[in-house]
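Q: Sharing structure.csv, CSV, C-alpha atoms:
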chain,number,residue,atom,x,y,z
N,249,MET,CA,-4.5,-13.5,-35.7
N,250,SER,CA,-1.8,-14.9,-37.9
N,251,GLY,CA,-4.1,-17.2,-39.9
N,252,GLU,CA,-3.0,-16.0,-43.2
N,253,HIS,CA,0.5,-17.3,-42.7
N,254,THR,CA,1.6,-20.6,-41.4
N,255,SER,CA,4.8,-20.5,-39.3
N,256,ALA,CA,7.0,-22.1,-41.9
N,257,PRO,CA,7.0,-19.4,-44.6
N,258,VAL,CA,7.7,-16.8,-42.0
N,259,ALA,CA,10.5,-18.8,-40.5
N,260,ALA,CA,12.0,-19.0,-44.0
N,261,ARG,CA,11.6,-15.3,-44.6
N,262,VAL,CA,13.4,-14.6,-41.3
N,263,ARG,CA,16.2,-17.0,-42.2
N,264,ARG,CA,16.7,-15.4,-45.6
N,265,LEU,CA,16.7,-11.9,-44.1
N,266,GLU,CA,19.4,-13.0,-41.6
N,267,GLU,CA,21.5,-14.5,-44.4
N,268,ARG,CA,21.3,-11.4,-46.5
N,269,LEU,CA,22.2,-9.1,-43.6
N,270,ILE,CA,25.2,-11.4,-42.7
N,271,GLU,CA,26.3,-11.5,-46.3
N,272,ALA,CA,26.2,-7.7,-46.5
N,273,GLY,CA,28.2,-7.4,-43.3
N,274,VAL,CA,25.4,-5.5,-41.5
N,275,VAL,CA,25.2,-8.1,-38.7
N,276,GLY,CA,27.5,-10.9,-37.7
N,277,GLU,CA,26.3,-14.5,-37.4
N,278,GLU,CA,28.0,-14.9,-34.1
N,279,GLN,CA,26.6,-11.6,-33.0
N,280,LEU,CA,23.1,-12.8,-33.7
N,281,ASP,CA,23.6,-16.2,-32.0
N,282,ALA,CA,25.1,-14.4,-29.0
N,283,ALA,CA,22.2,-12.0,-28.7
N,284,LEU,CA,19.7,-14.9,-28.9
N,285,ALA,CA,21.6,-17.0,-26.3
N,286,ALA,CA,22.1,-14.1,-23.9
N,287,MET,CA,18.4,-13.2,-24.1
N,288,LEU,CA,17.1,-16.8,-23.6
N,289,LYS,CA,19.6,-17.3,-20.7
N,290,GLY,CA,19.6,-14.1,-18.8
N,291,ALA,CA,16.1,-12.5,-18.9
N,292,SER,CA,13.4,-14.3,-17.0
N,293,PRO,CA,10.6,-13.6,-14.5
N,294,VAL,CA,12.9,-15.5,-12.0
N,295,ASN,CA,14.9,-12.3,-11.8
N,296,GLY,CA,11.8,-10.3,-10.8
N,297,ALA,CA,10.9,-13.0,-8.2
N,298,ARG,CA,14.4,-12.7,-6.7
N,299,ILE,CA,14.1,-9.0,-6.4
N,300,VAL,CA,10.7,-9.3,-4.7
N,301,ALA,CA,11.9,-12.0,-2.3
N,302,ARG,CA,14.9,-9.9,-1.2
N,303,ALA,CA,12.6,-6.9,-0.7
N,304,TRP,CA,10.4,-9.0,1.5
N,305,VAL,CA,13.2,-10.2,3.8
N,306,ASP,CA,15.4,-7.1,3.8
N,307,GLU,CA,13.8,-3.8,4.8
N,308,GLY,CA,16.8,-1.8,3.8
N,309,PHE,CA,16.9,-3.3,0.3
N,310,ARG,CA,13.1,-2.7,0.0
N,311,ALA,CA,13.6,1.0,0.8
N,312,ARG,CA,16.5,1.4,-1.6
N,313,LEU,CA,14.6,-0.5,-4.4
N,314,LEU,CA,11.6,1.8,-4.1
N,315,ASP,CA,13.8,4.9,-4.0
N,316,ASP,CA,16.1,4.0,-6.9
N,317,ALA,CA,15.6,0.6,-8.4
N,318,ASN,CA,18.5,0.9,-10.9
N,319,ALA,CA,20.9,1.6,-8.1
N,320,ALA,CA,19.5,-1.3,-5.9
N,321,LEU,CA,19.5,-4.1,-8.5
N,322,PRO,CA,23.3,-4.8,-8.4
N,323,GLU,CA,22.7,-5.9,-4.8
N,324,VAL,CA,21.0,-9.0,-6.2
N,325,GLY,CA,23.4,-9.3,-9.1
N,326,LEU,CA,21.0,-7.7,-11.7
N,327,SER,CA,20.9,-4.6,-13.8
N,328,MET,CA,18.7,-2.8,-16.3
N,329,ALA,CA,21.5,-2.8,-18.9
N,330,GLY,CA,20.5,-6.2,-20.3
N,331,GLY,CA,18.2,-4.9,-22.9
N,332,ILE,CA,18.8,-2.8,-26.0
N,333,GLN,CA,19.6,0.3,-24.0
N,334,GLU,CA,19.7,0.9,-20.2
N,335,GLN,CA,16.3,2.1,-19.0
N,336,ARG,CA,15.0,3.5,-15.7
N,337,LEU,CA,13.2,0.9,-13.6
N,338,LYS,CA,10.5,2.1,-11.3
N,339,VAL,CA,9.2,-0.4,-8.6
N,340,VAL,CA,5.7,0.3,-7.3
N,341,GLU,CA,4.6,-1.4,-4.1
N,342,ASN,CA,1.3,-3.0,-3.3
N,343,THR,CA,0.0,-2.4,0.2
N,344,GLU,CA,-3.1,-3.3,2.1
N,345,THR,CA,-4.8,-0.2,0.6
N,346,ALA,CA,-3.1,0.2,-2.8
N,347,HIS,CA,-2.8,-2.0,-5.8
N,348,HIS,CA,-0.7,-1.3,-8.9
N,349,VAL,CA,-0.9,-2.7,-12.4
N,350,ILE,CA,1.4,-2.1,-15.4
N,351,VAL,CA,0.6,-1.6,-19.1
N,352,CYS,CA,1.9,0.0,-22.3
N,353,THR,CA,-1.0,1.3,-24.3
N,354,LEU,CA,1.0,2.5,-27.2
N,355,CYS,CA,3.1,-0.6,-27.9
N,356,SER,CA,4.4,-3.2,-25.4
N,357,CYS,CA,7.0,-1.6,-23.2
N,358,TYR,CA,8.0,-4.0,-20.4
N,359,PRO,CA,11.3,-4.7,-18.5
N,360,ILE,CA,12.3,-7.3,-21.1
N,361,GLY,CA,16.0,-7.1,-20.4
N,362,LEU,CA,15.2,-8.1,-16.8
N,363,LEU,CA,12.1,-10.4,-17.2
N,364,GLY,CA,12.3,-11.7,-20.7
N,365,PRO,CA,9.5,-11.2,-23.2
N,366,SER,CA,6.1,-10.3,-21.9
N,367,PRO,CA,3.1,-12.7,-22.2
N,368,SER,CA,0.9,-12.4,-25.3
N,369,TRP,CA,-2.0,-11.0,-23.3
N,370,TYR,CA,0.1,-8.1,-22.2
N,371,LYS,CA,0.8,-7.2,-25.8
N,372,SER,CA,-2.8,-7.6,-26.9
N,373,GLU,CA,-5.2,-4.8,-27.9
N,374,ALA,CA,-7.7,-6.2,-25.4
N,375,TYR,CA,-5.5,-5.7,-22.4
N,376,ARG,CA,-3.9,-2.4,-23.6
N,377,SER,CA,-7.2,-0.8,-24.4
N,378,ARG,CA,-9.2,-2.0,-21.4
N,379,VAL,CA,-6.9,-1.9,-18.3
N,380,VAL,CA,-6.6,1.9,-18.3
N,381,ARG,CA,-10.4,2.2,-18.4
N,382,GLU,CA,-11.7,-0.7,-16.3
N,383,PRO,CA,-8.8,-2.2,-14.3
N,384,ARG,CA,-11.0,-3.9,-11.8
N,385,ALA,CA,-12.9,-5.7,-14.5
N,386,VAL,CA,-9.7,-6.8,-16.2
N,387,LEU,CA,-8.1,-7.9,-12.9
N,388,ALA,CA,-11.3,-9.9,-12.2
N,389,GLU,CA,-10.7,-11.8,-15.5
N,390,PHE,CA,-7.4,-12.9,-14.0
N,391,GLY,CA,-9.2,-14.0,-10.9
N,392,LEU,CA,-8.1,-11.1,-8.8
N,393,GLU,CA,-11.0,-9.4,-7.0
N,394,LEU,CA,-9.9,-6.3,-5.1
N,395,PRO,CA,-11.7,-4.8,-2.2
N,396,ALA,CA,-13.8,-1.7,-3.2
N,397,ASP,CA,-11.6,0.5,-0.9
N,398,THR,CA,-8.3,-0.5,-2.4
N,399,ALA,CA,-6.9,2.3,-4.5
N,400,VAL,CA,-5.9,1.1,-8.0
N,401,THR,CA,-3.2,2.8,-10.0
N,402,VAL,CA,-2.5,1.8,-13.6
N,403,TRP,CA,1.0,2.7,-14.9
N,404,ASP,CA,1.1,3.4,-18.6
N,405,SER,CA,4.8,2.9,-19.7
N,406,SER,CA,4.7,5.6,-22.4
N,407,ALA,CA,8.4,6.9,-22.1
N,408,GLU,CA,11.7,5.5,-21.0
N,409,SER,CA,10.8,4.0,-17.6
N,410,ARG,CA,9.9,0.4,-17.1
N,411,TYR,CA,7.8,-0.7,-14.2
N,412,LEU,CA,7.7,-3.7,-11.8
N,413,VAL,CA,5.1,-4.3,-9.1
N,414,LEU,CA,6.3,-5.4,-5.7
N,415,PRO,CA,3.5,-7.6,-4.5
N,416,ARG,CA,2.4,-8.0,-0.9
N,417,ARG,CA,4.1,-10.8,1.0
N,418,PRO,CA,1.5,-13.5,1.5
N,419,ASP,CA,0.3,-14.4,5.1
N,420,GLY,CA,1.7,-17.5,6.6
N,421,THR,CA,5.2,-17.2,5.0
N,422,ALA,CA,7.1,-16.0,8.1
N,423,GLY,CA,9.3,-19.1,8.3
N,424,MET,CA,10.2,-19.3,4.6
N,425,SER,CA,13.6,-18.8,3.2
N,426,GLU,CA,14.4,-16.3,0.5
N,427,PRO,CA,14.4,-18.9,-2.3
N,428,GLU,CA,11.2,-20.4,-1.1
N,429,LEU,CA,9.6,-16.9,-1.1
N,430,ALA,CA,10.9,-16.3,-4.6
N,431,ALA,CA,9.2,-19.5,-5.8
N,432,LEU,CA,5.8,-18.0,-4.8
N,433,VAL,CA,6.2,-15.0,-7.1
N,434,THR,CA,4.6,-15.2,-10.6
N,435,ARG,CA,5.1,-13.1,-13.8
N,436,GLU,CA,1.5,-11.9,-13.3
N,437,GLY,CA,2.3,-10.8,-9.8
N,438,LEU,CA,5.2,-8.7,-11.2
N,439,ILE,CA,2.8,-7.0,-13.7
N,440,GLY,CA,0.0,-6.6,-11.1
N,441,THR,CA,-2.6,-8.9,-12.6
N,442,ALA,CA,-2.1,-11.4,-9.7
N,443,ALA,CA,-1.8,-10.9,-6.0
N,444,VAL,CA,1.7,-12.5,-5.9
V,105,MET,CA,9.3,25.8,-18.2
V,106,GLY,CA,11.2,25.3,-14.9
V,107,GLU,CA,11.4,22.0,-13.1
V,108,LEU,CA,7.9,20.8,-12.2
V,109,ARG,CA,7.4,19.5,-8.7
V,110,ALA,CA,5.2,16.7,-7.3
V,111,GLY,CA,1.6,17.8,-6.9
V,112,GLU,CA,1.7,20.5,-9.5
V,113,ARG,CA,-1.1,20.4,-12.1
V,114,VAL,CA,-0.4,20.2,-15.8
V,115,ARG,CA,-2.5,20.0,-18.9
V,116,VAL,CA,-1.5,17.8,-21.8
V,117,ARG,CA,-1.3,19.6,-25.1
V,118,ALA,CA,-4.1,18.7,-27.4
V,119,GLY,CA,-2.1,18.5,-30.6
V,120,ASP,CA,-2.3,15.5,-32.9
V,121,PRO,CA,1.2,15.3,-34.5
V,122,ALA,CA,1.5,13.6,-37.9
V,123,GLY,CA,4.4,11.4,-36.9
V,124,HIS,CA,5.4,9.1,-34.1
V,125,THR,CA,4.6,10.5,-30.6
V,126,ARG,CA,4.3,9.1,-27.1
V,127,VAL,CA,1.2,10.9,-26.0
V,128,PRO,CA,-1.7,8.5,-25.8
V,129,ARG,CA,-4.8,10.1,-27.2
V,130,TYR,CA,-6.8,9.4,-24.1
V,131,VAL,CA,-4.9,12.1,-22.1
V,132,ARG,CA,-4.8,14.8,-24.8
V,133,GLY,CA,-6.2,18.0,-23.3
V,134,GLN,CA,-6.6,16.4,-19.9
V,135,ILE,CA,-5.3,17.9,-16.6
V,136,GLY,CA,-3.1,15.7,-14.4
V,137,ARG,CA,-0.9,15.9,-11.4
V,138,ILE,CA,2.9,15.6,-11.4
V,139,VAL,CA,4.0,12.5,-9.5
V,140,GLU,CA,7.7,12.7,-10.1
V,141,SER,CA,10.5,13.6,-12.5
V,142,GLN,CA,12.2,10.7,-14.3
V,143,GLY,CA,15.3,12.7,-15.3
V,144,SER,CA,15.9,13.8,-18.9
V,145,TRP,CA,15.6,11.7,-22.0
V,146,ALA,CA,15.8,12.2,-25.8
V,147,LEU,CA,12.4,13.3,-27.2
V,148,ALA,CA,10.9,10.2,-28.9
V,149,ASP,CA,9.2,12.2,-31.6
V,150,GLU,CA,12.5,13.6,-32.8
V,151,VAL,CA,14.4,10.3,-32.5
V,152,ALA,CA,11.8,8.6,-34.6
V,153,ALA,CA,11.9,11.4,-37.2
V,154,GLY,CA,15.6,10.8,-37.6
V,155,VAL,CA,16.8,14.1,-36.0
V,156,ALA,CA,20.5,13.6,-35.5
V,157,GLU,CA,20.6,15.4,-32.2
V,158,PRO,CA,17.2,15.2,-30.7
V,159,ARG,CA,16.1,17.4,-27.9
V,160,VAL,CA,16.8,16.0,-24.4
V,161,GLU,CA,14.0,17.0,-22.0
V,162,PRO,CA,12.7,16.2,-18.6
V,163,VAL,CA,10.1,13.4,-18.5
V,164,TYR,CA,7.4,13.4,-15.8
V,165,THR,CA,5.1,10.8,-14.4
V,166,VAL,CA,1.7,12.4,-14.5
V,167,ALA,CA,-1.4,11.0,-12.7
V,168,PHE,CA,-4.9,11.4,-14.1
V,169,ALA,CA,-8.2,10.6,-12.3
V,170,ALA,CA,-10.2,7.9,-14.2
V,171,ALA,CA,-13.3,10.0,-13.7
V,172,ASP,CA,-11.7,12.8,-15.7
V,173,LEU,CA,-10.6,10.5,-18.5
V,174,TRP,CA,-13.6,8.3,-18.8
V,175,GLY,CA,-16.4,10.0,-16.8
V,176,GLU,CA,-16.3,7.0,-14.4
V,177,GLY,CA,-14.0,4.8,-12.4
V,178,ASP,CA,-12.3,5.4,-9.0
V,179,HIS,CA,-8.7,4.5,-10.1
V,180,GLU,CA,-5.8,6.6,-11.3
V,181,VAL,CA,-3.8,6.2,-14.5
V,182,THR,CA,-0.3,7.5,-14.7
V,183,VAL,CA,1.3,8.4,-18.1
V,184,ASP,CA,5.0,9.3,-18.6
V,185,LEU,CA,5.2,12.6,-20.6
V,186,TRP,CA,8.0,14.6,-22.0
V,187,GLU,CA,8.1,18.3,-21.0
V,188,SER,CA,7.0,19.3,-24.6
V,189,TYR,CA,3.8,17.4,-24.2
V,190,ILE,CA,2.5,19.4,-21.2
V,191,GLU,CA,1.9,22.9,-20.0
V,192,PRO,CA,1.4,24.3,-16.4
V,193,VAL,CA,-2.1,24.9,-15.3
V,194,ARG,CA,-3.0,28.2,-13.4
V,195,LYS,CA,-4.1,27.6,-9.9
V,196,ASP,CA,-7.5,29.1,-10.6
V,197,GLU,CA,-8.1,27.1,-13.7
V,198,THR,CA,-10.3,24.0,-13.7
P,226,MET,CA,-3.0,11.7,-36.7
P,227,SER,CA,-3.6,9.1,-34.1
P,228,ARG,CA,-2.3,5.8,-35.2
P,229,VAL,CA,-3.7,2.3,-35.0
P,230,ASN,CA,-1.4,1.3,-32.1
P,231,ASP,CA,-2.9,4.0,-29.9
P,232,VAL,CA,-5.6,1.9,-28.3
P,233,GLY,CA,-5.8,3.0,-24.7
P,234,GLY,CA,-9.4,3.3,-23.6
P,235,GLN,CA,-10.9,2.1,-26.8
P,236,THR,CA,-13.7,-0.4,-26.7
P,237,GLY,CA,-14.4,-3.4,-29.0
P,238,PHE,CA,-11.3,-5.5,-28.5
P,239,GLY,CA,-13.2,-8.1,-26.5
P,240,ALA,CA,-12.1,-10.4,-23.6
P,241,LEU,CA,-8.6,-11.2,-22.7
P,242,GLU,CA,-7.0,-14.5,-24.0
P,243,ILE,CA,-4.8,-15.7,-21.2
P,244,GLU,CA,-2.6,-18.7,-22.0
P,245,ALA,CA,-1.5,-20.7,-19.0
P,246,ASP,CA,2.3,-21.3,-18.7
P,247,GLU,CA,3.0,-19.4,-21.8
P,248,PRO,CA,6.5,-19.9,-23.1
P,249,PRO,CA,8.7,-16.8,-23.9
P,250,PHE,CA,8.3,-17.5,-27.7
P,251,HIS,CA,5.9,-19.7,-29.6
P,252,ALA,CA,8.3,-20.4,-32.4
P,253,ASP,CA,12.0,-20.3,-33.0
P,254,TRP,CA,11.6,-17.6,-35.7
P,255,GLU,CA,10.0,-15.2,-33.1
P,256,ALA,CA,13.1,-15.4,-30.9
P,257,ARG,CA,15.2,-14.8,-34.0
P,258,VAL,CA,13.3,-11.7,-35.0
P,259,PHE,CA,13.6,-10.4,-31.4
P,260,ALA,CA,17.4,-11.0,-31.4
P,261,LEU,CA,17.8,-9.6,-34.9
P,262,ASN,CA,16.0,-6.3,-34.0
P,263,SER,CA,18.2,-5.8,-30.9
P,264,VAL,CA,21.4,-6.4,-33.0
P,265,LEU,CA,20.2,-4.0,-35.7
P,266,VAL,CA,19.6,-1.3,-33.1
P,267,ARG,CA,22.9,-2.0,-31.3
P,268,ASN,CA,24.7,-1.8,-34.7
P,269,GLY,CA,23.2,1.6,-35.3
P,270,VAL,CA,21.2,0.6,-38.4
P,271,TYR,CA,18.2,2.3,-36.9
P,272,ARG,CA,17.0,3.6,-33.5
P,273,LEU,CA,14.4,2.0,-31.3
P,274,ASP,CA,11.9,4.9,-31.8
P,275,GLU,CA,12.4,4.6,-35.5
P,276,PHE,CA,11.5,0.9,-35.2
P,277,ARG,CA,8.3,1.8,-33.2
P,278,ASP,CA,7.4,4.3,-35.8
P,279,ALA,CA,7.8,1.7,-38.6
P,280,VAL,CA,5.4,-0.7,-36.7
P,281,GLU,CA,2.9,2.1,-36.3
P,282,ARG,CA,3.1,3.1,-40.0
P,283,MET,CA,1.8,-0.3,-41.1
P,284,ASP,CA,-1.6,-0.3,-42.9
P,285,PRO,CA,-4.1,-0.4,-40.0
P,286,GLN,CA,-6.0,-3.4,-41.5
P,287,GLU,CA,-2.7,-5.3,-41.9
P,288,TYR,CA,-1.6,-4.2,-38.4
P,289,LEU,CA,-4.7,-5.7,-36.8
P,290,ALA,CA,-4.5,-8.9,-38.9
P,291,THR,CA,-0.8,-9.6,-38.2
P,292,SER,CA,0.7,-11.4,-35.2
P,293,TYR,CA,3.0,-9.5,-32.9
P,294,TYR,CA,6.4,-10.7,-34.1
P,295,GLU,CA,5.3,-10.6,-37.8
P,296,ARG,CA,4.7,-6.8,-37.2
P,297,TRP,CA,8.2,-6.7,-36.0
P,298,LEU,CA,9.5,-8.5,-39.0
P,299,LYS,CA,7.5,-6.2,-41.3
P,300,ALA,CA,8.9,-3.1,-39.6
P,301,ILE,CA,12.5,-4.4,-39.9
P,302,GLU,CA,11.9,-5.1,-43.6
P,303,THR,CA,10.4,-1.6,-44.0
P,304,LEU,CA,13.4,0.1,-42.3
P,305,LEU,CA,16.0,-1.9,-44.2
P,306,ALA,CA,14.3,-1.1,-47.5
P,307,GLU,CA,14.0,2.6,-46.8
P,308,ARG,CA,17.6,2.8,-45.8
P,309,LYS,CA,18.7,0.8,-48.8
P,310,VAL,CA,20.7,-1.4,-46.4
P,311,LEU,CA,20.4,-4.4,-48.7
P,312,ALA,CA,20.6,-4.6,-52.5
P,313,ASP,CA,17.3,-5.2,-54.2
P,314,GLY,CA,16.1,-8.8,-54.5
Using structure tokens, write down the structure from this file.

A:
Amino acid sequence: MSGEHTSAPVAARVRRLEERLIEAGVVGEEQLDAALAAMLKGASPVNGARIVARAWVDEGFRARLLDDANAALPEVGLSMAGGIQEQRLKVVENTETAHHVIVCTLCSCYPIGLLGPSPSWYKSEAYRSRVVREPRAVLAEFGLELPADTAVTVWDSSAESRYLVLPRRPDGTAGMSEPELAALVTREGLIGTAAV
Amino acid sequence: MGELRAGERVRVRAGDPAGHTRVPRYVRGQIGRIVESQGSWALADEVAAGVAEPRVEPVYTVAFAAADLWGEGDHEVTVDLWESYIEPVRKDET
Amino acid sequence: MSRVNDVGGQTGFGALEIEADEPPFHADWEARVFALNSVLVRNGVYRLDEFRDAVERMDPQEYLATSYYERWLKAIETLLAERKVLADG
């Protein structure tokens, strides 16, 4: 709800603040531009999709990823050092009998340095308040109906770990290449609000 | 408190600190099960309070049964908790 | 005391609003606030938990009536003012 402000005055407020901070030598203009460019270029759900596709085709990588994701990421040219500070990444694997979904009830913790900014619904009070209490109902709103005997775990990112869901590889994908598999993976799949 | 192992039961301290903390209120006073240790990290409460050298403590992933938290539901919720936030539960305690 | 941000398990926030094909940011200024915050933390002006604290200290009515990145902007302004990083004005 940002109805009290139109975008333009906020944009001017941000620009003025940047100018004053640059003038005072607190931040550098190039530093700001570089941070912005690096974030827009480097962090994207595509990174998560690549991790998932590799885990689907390479059993050894899958095992290393689940055991210690930070140590496994360099194998696909990624790391958790892209954000403000290096964080622990924990990958949780969906199976035939277990489904995982990620939230941050206290704020909006998310592997931003890897995946880019989270979607607005992930940051919303509605999602944060409800998914810990009624995950099946929330997932149903995303169109994901889980069998009654699937064990559901909701991971509340309340400290220094960030979470990523490893979805199940869809049926009928045996002949697909790694890039083709990566193209199947959505941001919602990486959060656990979609099957893939 | 020594290193806690997977499967051990812990209770979340029920305090309601005045400042920033990373204990969601829905687990305060609740009993959960240690899933794993995440290594040691600076205690967020002290970092936020501006303490120059904040305590560095083990952080644990702790799983709670939805039925315990909400009185209904068949799922589990895990919360990541600094050692200061939790205390061991005696085996005979429920 | 529990703060306005601590919403896990609360009721009354309604249904989810899911935007199809949502872009990373909805306006250029949102991306600029995001980048500014990361640079201020990197430069040691404040720490990430101090930033979270500043978001949580917002007036609850204002918090709930303010968009996500405007909360960030407000928290940055609060921290800069408290630390007297900028001269008045």

Q: Extract, using only C-alpha atoms, all DNA, RNA and protein residues at most 12 Å from range 268-273 of chain P, discarding same-chain residues fewer than 5 positions from it, and format them as a PyMOL selection string.

A: (chain N and resi 269+273-276+279-280+331-333+357+408) or (chain V and resi 124+146+148-156+158) or (chain P and resi 261-263+278-280+297+300-311)

Q: Which polymer residues have any atom within 7 Å of an atom of range 425-427 of chain N, counting only C-alpha atoms, with same-chain residues fewer than 3 positions away left out, as a list of chain:residue names?

A: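 Everything that qualifies: N:Ala301, N:Arg302, N:Ala430, N:Ala431.
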
Q: Please work out which residues fall within 10 Å of (-0.4, -16.5, -30.2), coordinates as given in the file, with all atoms listed in the file counting, and return them as a list of chain:residue names.

A: N:Met249, N:Ser250, N:Pro367, N:Ser368, N:Trp369, N:Ser372, P:Glu242, P:Glu244, P:Glu247, P:Phe250, P:His251, P:Ala252, P:Ser292, P:Tyr293, P:Tyr294

Q: Find the nearest atom pair between each residue of chain N and chain V for residues within 12 Å, count all atoms listed in the file, give distances in Å to one decimal, sort rows by chain and ascending number, and present the table as a Markdown table.

A:
| residue | atom | partner | partner_atom | distance |
| --- | --- | --- | --- | --- |
| N:Asp315 | CA | V:Glu140 | CA | 11.6 |
| N:Asp316 | CA | V:Gln142 | CA | 10.7 |
| N:Glu334 | CA | V:Trp145 | CA | 11.7 |
| N:Gln335 | CA | V:Trp145 | CA | 10.1 |
| N:Arg336 | CA | V:Gln142 | CA | 7.9 |
| N:Leu337 | CA | V:Gln142 | CA | 9.9 |
| N:Lys338 | CA | V:Gln142 | CA | 9.3 |
| N:Val340 | CA | V:Thr182 | CA | 11.9 |
| N:Ala346 | CA | V:His179 | CA | 10.2 |
| N:His347 | CA | V:His179 | CA | 9.8 |
| N:His348 | CA | V:Glu180 | CA | 9.7 |
| N:Val349 | CA | V:Val181 | CA | 9.6 |
| N:Ile350 | CA | V:Thr182 | CA | 9.8 |
| N:Val351 | CA | V:Val181 | CA | 10.1 |
| N:Cys352 | CA | V:Val183 | CA | 9.4 |
| N:Thr353 | CA | V:Pro128 | CA | 7.4 |
| N:Leu354 | CA | V:Pro128 | CA | 6.7 |
| N:Cys355 | CA | V:Arg126 | CA | 9.8 |
| N:Cys357 | CA | V:Arg126 | CA | 11.7 |
| N:Arg376 | CA | V:Pro128 | CA | 11.3 |
| N:Ser377 | CA | V:Tyr130 | CA | 10.2 |
| N:Arg378 | CA | V:Trp174 | CA | 11.5 |
| N:Val379 | CA | V:Val181 | CA | 9.5 |
| N:Val380 | CA | V:Val181 | CA | 6.4 |
| N:Arg381 | CA | V:Trp174 | CA | 6.9 |
| N:Glu382 | CA | V:Gly177 | CA | 7.1 |
| N:Pro383 | CA | V:His179 | CA | 7.9 |
| N:Arg384 | CA | V:His179 | CA | 8.9 |
| N:Ala385 | CA | V:Gly177 | CA | 10.8 |
| N:Leu394 | CA | V:His179 | CA | 12.0 |
| N:Ala396 | CA | V:Asp178 | CA | 9.3 |
| N:Asp397 | CA | V:Asp178 | CA | 9.5 |
| N:Thr398 | CA | V:His179 | CA | 9.2 |
| N:Ala399 | CA | V:His179 | CA | 6.3 |
| N:Val400 | CA | V:His179 | CA | 4.9 |
| N:Thr401 | CA | V:Glu180 | CA | 4.8 |
| N:Val402 | CA | V:Val181 | CA | 4.7 |
| N:Trp403 | CA | V:Thr182 | CA | 5.0 |
| N:Asp404 | CA | V:Val183 | CA | 5.0 |
| N:Ser405 | CA | V:Asp184 | CA | 6.5 |
| N:Ser406 | CA | V:Asp184 | CA | 5.3 |
| N:Ala407 | CA | V:Asp184 | CA | 5.4 |
| N:Glu408 | CA | V:Trp145 | CA | 7.4 |
| N:Ser409 | CA | V:Gln142 | CA | 7.6 |
| N:Arg410 | CA | V:Asp184 | CA | 10.3 |
| N:Tyr411 | CA | V:Asp184 | CA | 11.3 |

Q: Restrict the distance test to only C-alpha atoms, flag each residue of chain P within 10 Å of chain V, and return the flagged residues as a list of chain:residue names.

A: P:Met226, P:Ser227, P:Arg228, P:Asn230, P:Asp231, P:Val232, P:Gly233, P:Gly234, P:Gln235, P:Tyr271, P:Arg272, P:Leu273, P:Asp274, P:Glu275, P:Phe276, P:Arg277, P:Asp278, P:Ala279, P:Glu281, P:Arg282

Q: Go through N:Ala374, N:Ala320, N:Leu362, N:Ala260 and flag the residue nearest chain P, using all atoms listed in the file for the distances.

A: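 Smallest separation from chain P among the options: N:Ala374.
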
Q: Which distance in Å separates CA of Ala442 in chain N and CA of Leu412 in chain N, to one decimal?

A: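 So the two atoms, CA of Ala442 in chain N and CA of Leu412 in chain N, lie 12.6 Å apart.
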
Q: Record the distance separating CA of Val444 in chain N and CA of Ala297 in chain N, expressed in Å with one decimal.

A: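 Those two atoms sit 9.5 Å apart.
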